[in-house]
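Just query_37.cif here, mmCIF, C-alpha atoms and all ligand atoms:
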data_query
#
loop_
_atom_site.group_PDB
_atom_site.id
_atom_site.type_symbol
_atom_site.label_atom_id
_atom_site.label_comp_id
_atom_site.auth_asym_id
_atom_site.auth_seq_id
_atom_site.Cartn_x
_atom_site.Cartn_y
_atom_site.Cartn_z
ATOM 1 C CA MET W 1 0.000 0.000 0.000
ATOM 2 C CA THR W 2 1.415 3.377 -0.944
ATOM 3 C CA GLY W 3 0.740 6.430 1.143
ATOM 4 C CA ALA W 4 -1.887 7.794 -1.205
ATOM 5 C CA ASP W 5 -3.878 4.582 -1.011
ATOM 6 C CA ILE W 6 -4.559 5.232 2.630
ATOM 7 C CA PHE W 7 -6.634 8.203 1.611
ATOM 8 C CA HIS W 8 -7.902 7.271 -1.790
ATOM 9 C CA GLY W 9 -8.165 3.512 -1.900
ATOM 10 C CA THR W 10 -7.380 1.802 -5.141
ATOM 11 C CA GLY W 11 -10.002 3.286 -7.441
ATOM 12 C CA ASP W 12 -13.051 5.471 -7.073
ATOM 13 C CA LYS W 13 -13.544 4.528 -3.478
ATOM 14 C CA LEU W 14 -15.151 7.054 -1.223
ATOM 15 C CA SER W 15 -13.157 8.652 1.504
ATOM 16 C CA CYS W 16 -14.264 10.646 4.497
ATOM 17 C CA GLN W 17 -14.411 14.350 3.675
ATOM 18 C CA SER W 18 -13.261 15.219 7.158
ATOM 19 C CA CYS W 19 -10.342 12.896 7.962
ATOM 20 C CA GLY W 20 -9.614 11.155 4.629
ATOM 21 C CA MET W 21 -10.268 7.636 5.893
ATOM 22 C CA PRO W 22 -11.457 5.260 3.152
ATOM 23 C CA LEU W 23 -15.171 4.545 3.452
ATOM 24 C CA GLY W 24 -16.713 1.198 2.754
ATOM 25 C CA GLU W 25 -18.129 -2.068 3.913
ATOM 26 C CA PHE W 26 -15.976 -4.723 5.489
ATOM 27 C CA GLN W 27 -16.159 -7.616 7.924
ATOM 28 C CA ASP W 28 -15.469 -6.932 11.536
ATOM 29 C CA ALA W 29 -13.336 -9.148 13.773
ATOM 30 C CA SER W 30 -16.210 -11.577 14.317
ATOM 31 C CA GLY W 31 -17.013 -11.828 10.611
ATOM 32 C CA GLN W 32 -20.105 -9.634 10.778
ATOM 33 C CA ALA W 33 -20.799 -7.256 7.910
ATOM 34 C CA ALA W 34 -19.972 -3.744 9.017
ATOM 35 C CA ASN W 35 -19.251 -0.376 7.502
ATOM 36 C CA ASN W 36 -17.721 2.873 8.633
ATOM 37 C CA PHE W 37 -20.150 5.291 7.019
ATOM 38 C CA ALA W 38 -21.437 8.243 9.005
ATOM 39 C CA THR W 39 -25.111 8.467 9.914
ATOM 40 C CA ASN W 40 -27.623 11.256 9.451
ATOM 41 C CA ALA W 41 -29.934 12.407 12.230
ATOM 42 C CA ASP W 42 -32.541 9.860 11.070
ATOM 43 C CA GLY W 43 -30.005 7.022 11.133
ATOM 44 C CA ALA W 44 -29.639 6.803 7.343
ATOM 45 C CA ARG W 45 -26.209 6.288 5.845
ATOM 46 C CA ASN W 46 -24.175 9.381 5.052
ATOM 47 C CA SER W 47 -21.469 8.436 2.583
ATOM 48 C CA GLU W 48 -19.620 11.743 2.790
ATOM 49 C CA PHE W 49 -18.019 11.139 6.188
ATOM 50 C CA CYS W 50 -16.877 8.291 8.408
ATOM 51 C CA ILE W 51 -18.663 7.303 11.599
ATOM 52 C CA PHE W 52 -15.732 8.541 13.687
ATOM 53 C CA CYS W 53 -16.120 12.082 12.360
ATOM 54 C CA TYR W 54 -19.866 12.357 11.877
ATOM 55 C CA LYS W 55 -22.627 10.567 13.731
ATOM 56 C CA SER W 56 -26.404 11.053 13.918
ATOM 57 C CA GLY W 57 -26.299 14.203 11.823
ATOM 58 C CA ALA W 58 -23.494 16.055 13.611
ATOM 59 C CA PHE W 59 -19.711 16.137 13.745
ATOM 60 C CA THR W 60 -18.426 14.164 16.713
ATOM 61 C CA ARG W 61 -15.750 16.816 17.268
ATOM 62 C CA PRO W 62 -17.255 20.088 16.013
ATOM 63 C CA ASP W 63 -14.465 22.042 17.698
ATOM 64 C CA LEU W 64 -11.707 20.239 15.807
ATOM 65 C CA THR W 65 -9.581 22.558 13.654
ATOM 66 C CA LEU W 66 -7.776 21.717 10.438
ATOM 67 C CA ASP W 67 -4.464 21.663 12.325
ATOM 68 C CA GLY W 68 -6.023 19.419 14.935
ATOM 69 C CA MET W 69 -7.241 16.997 12.301
ATOM 70 C CA ILE W 70 -3.812 16.921 10.646
ATOM 71 C CA ALA W 71 -2.199 16.175 14.015
ATOM 72 C CA LYS W 72 -4.742 13.405 14.701
ATOM 73 C CA SER W 73 -4.191 11.898 11.271
ATOM 74 C CA VAL W 74 -0.394 11.942 11.667
ATOM 75 C CA GLU W 75 -0.851 10.215 15.006
ATOM 76 C CA ASN W 76 -2.962 7.477 13.400
ATOM 77 C CA MET W 77 -0.578 6.937 10.514
ATOM 78 C CA THR W 78 2.567 6.797 12.622
ATOM 79 C CA GLY W 79 0.854 4.662 15.272
ATOM 80 C CA GLU W 80 -1.486 2.112 13.731
ATOM 81 C CA LEU W 81 0.066 2.149 10.278
ATOM 82 C CA ARG W 82 3.688 2.609 11.417
ATOM 83 C CA MET W 83 4.462 5.268 8.854
ATOM 84 C CA PRO W 84 7.508 7.500 9.403
ATOM 85 C CA GLU W 85 6.334 10.794 10.928
ATOM 86 C CA ALA W 86 7.786 13.053 8.214
ATOM 87 C CA LYS W 87 5.969 11.105 5.537
ATOM 88 C CA ALA W 88 2.724 10.984 7.503
ATOM 89 C CA ARG W 89 2.851 14.740 8.082
ATOM 90 C CA GLU W 90 3.517 15.481 4.439
ATOM 91 C CA LEU W 91 0.659 13.243 3.342
ATOM 92 C CA ALA W 92 -1.792 14.683 5.860
ATOM 93 C CA LYS W 93 -0.883 18.263 4.882
ATOM 94 C CA ASN W 94 -1.370 17.470 1.212
ATOM 95 C CA VAL W 95 -4.680 15.704 1.521
ATOM 96 C CA ILE W 96 -6.682 16.893 4.501
ATOM 97 C CA PRO W 97 -6.955 20.628 3.635
ATOM 98 C CA LYS W 98 -8.571 19.628 0.336
ATOM 99 C CA LEU W 99 -11.321 17.588 1.935
ATOM 100 C CA ARG W 100 -14.768 19.159 1.861
ATOM 101 C CA ARG W 101 -15.027 19.822 5.593
ATOM 102 C CA TRP W 102 -11.940 22.027 5.461
ATOM 103 C CA SER W 103 -12.010 23.462 1.963
ATOM 104 C CA VAL W 104 -15.546 24.878 2.121
ATOM 105 C CA LYS W 105 -15.957 27.894 4.323
ATOM 106 C CA ALA W 106 -19.370 27.988 5.960
HETATM 107 ZN ZN ZN W 201 -13.608 10.755 9.105
#
Just give me the structure as structure tokens.
Ligand SMILES: [Zn+2]
Amino acid sequence: MTGADIFHGTGDKLSCQSCGMPLGEFQDASGQAANNFATNADGARNSEFCIFCYKSGAFTRPDLTLDGMIAKSVENMTGELRMPEAKARELAKNVIPKLRRWSVKA
């Protein structure tokens, strides 16, 4: 997996427009079908964001800034994915500011 795949998957896969995480369906540890899509206030799937960023129609961390999200993303990539910090930071700074949550000013 190259760095860009972390954000963009292999093709036209959706990615969260807040943190860049790939969105999709998968099997959880017990083999159950699961997905990481966000939910709207009525519980319907919202395929723009992941469930960690957006749940039941609202951002889980509405106070999070762009810098905060970049820091969180670098932490995830260097931790879970064991990416060197310089590379993780470069990737996060290239990708996250372009995501819809951060590129559209309300
Ligand atoms: Zn997200």
>> One number please: atom CA of W:Ala71 to atom CA of W:Phe49, in Å, one decimal.
In response: 18.4 Å
Step by step, measure atom-to-atom distances between ligand ZN 201 (chain W) and each residue using all atoms listed in the file, keep those at most 8 Å, then write them as an mmCIF file with C-alpha atoms, in the frame of the given file.
data_model
loop_
_atom_site.group_PDB
_atom_site.id
_atom_site.type_symbol
_atom_site.label_atom_id
_atom_site.label_comp_id
_atom_site.auth_asym_id
_atom_site.auth_seq_id
_atom_site.Cartn_x
_atom_site.Cartn_y
_atom_site.Cartn_z
ATOM 1 C CA SER W 15 -13.157 8.652 1.504
ATOM 2 C CA CYS W 16 -14.264 10.646 4.497
ATOM 3 C CA GLN W 17 -14.411 14.350 3.675
ATOM 4 C CA SER W 18 -13.261 15.219 7.158
ATOM 5 C CA CYS W 19 -10.342 12.896 7.962
ATOM 6 C CA GLY W 20 -9.614 11.155 4.629
ATOM 7 C CA MET W 21 -10.268 7.636 5.893
ATOM 8 C CA PHE W 49 -18.019 11.139 6.188
ATOM 9 C CA CYS W 50 -16.877 8.291 8.408
ATOM 10 C CA ILE W 51 -18.663 7.303 11.599
ATOM 11 C CA PHE W 52 -15.732 8.541 13.687
ATOM 12 C CA CYS W 53 -16.120 12.082 12.360
ATOM 13 C CA TYR W 54 -19.866 12.357 11.877
#
>> Could you tell me, as an NGL selection string, exactly which residues end up selected when the PyMOL selection byres (((chain W and resi 76-78) around 10) and not hetatm) is applied to this structure?
In response: :W and (3 or 6 or 70-75 or 79-89 or 91-92)
> Out of W:Leu14, W:Leu23, W:Ile96, W:Val104, which residue has the shortest atom-to-atom distance to W:Leu66 when counting only C-alpha atoms?
Replying inline: W:Ile96
> Any chance you could work out the residue set of the PyMOL selection byres (((chain W and resi 25) around 7) and not hetatm) here, as number ranges by chain?
Replying inline: W: 24, 26, 34-36
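If you look at atom CA of W:Gln27 and atom CA of W:Pro62, they are 28.9 Å away from each other.
The space separating atom CA of W:Phe59 from atom CA of W:Ala29 comes to 26.1 Å.
Ranking W:Ala44, W:Arg101, W:Gly31, W:Phe37 by their shortest atom-to-atom distance to W:Leu64, with all atoms listed in the file included, puts W:Arg101 first.
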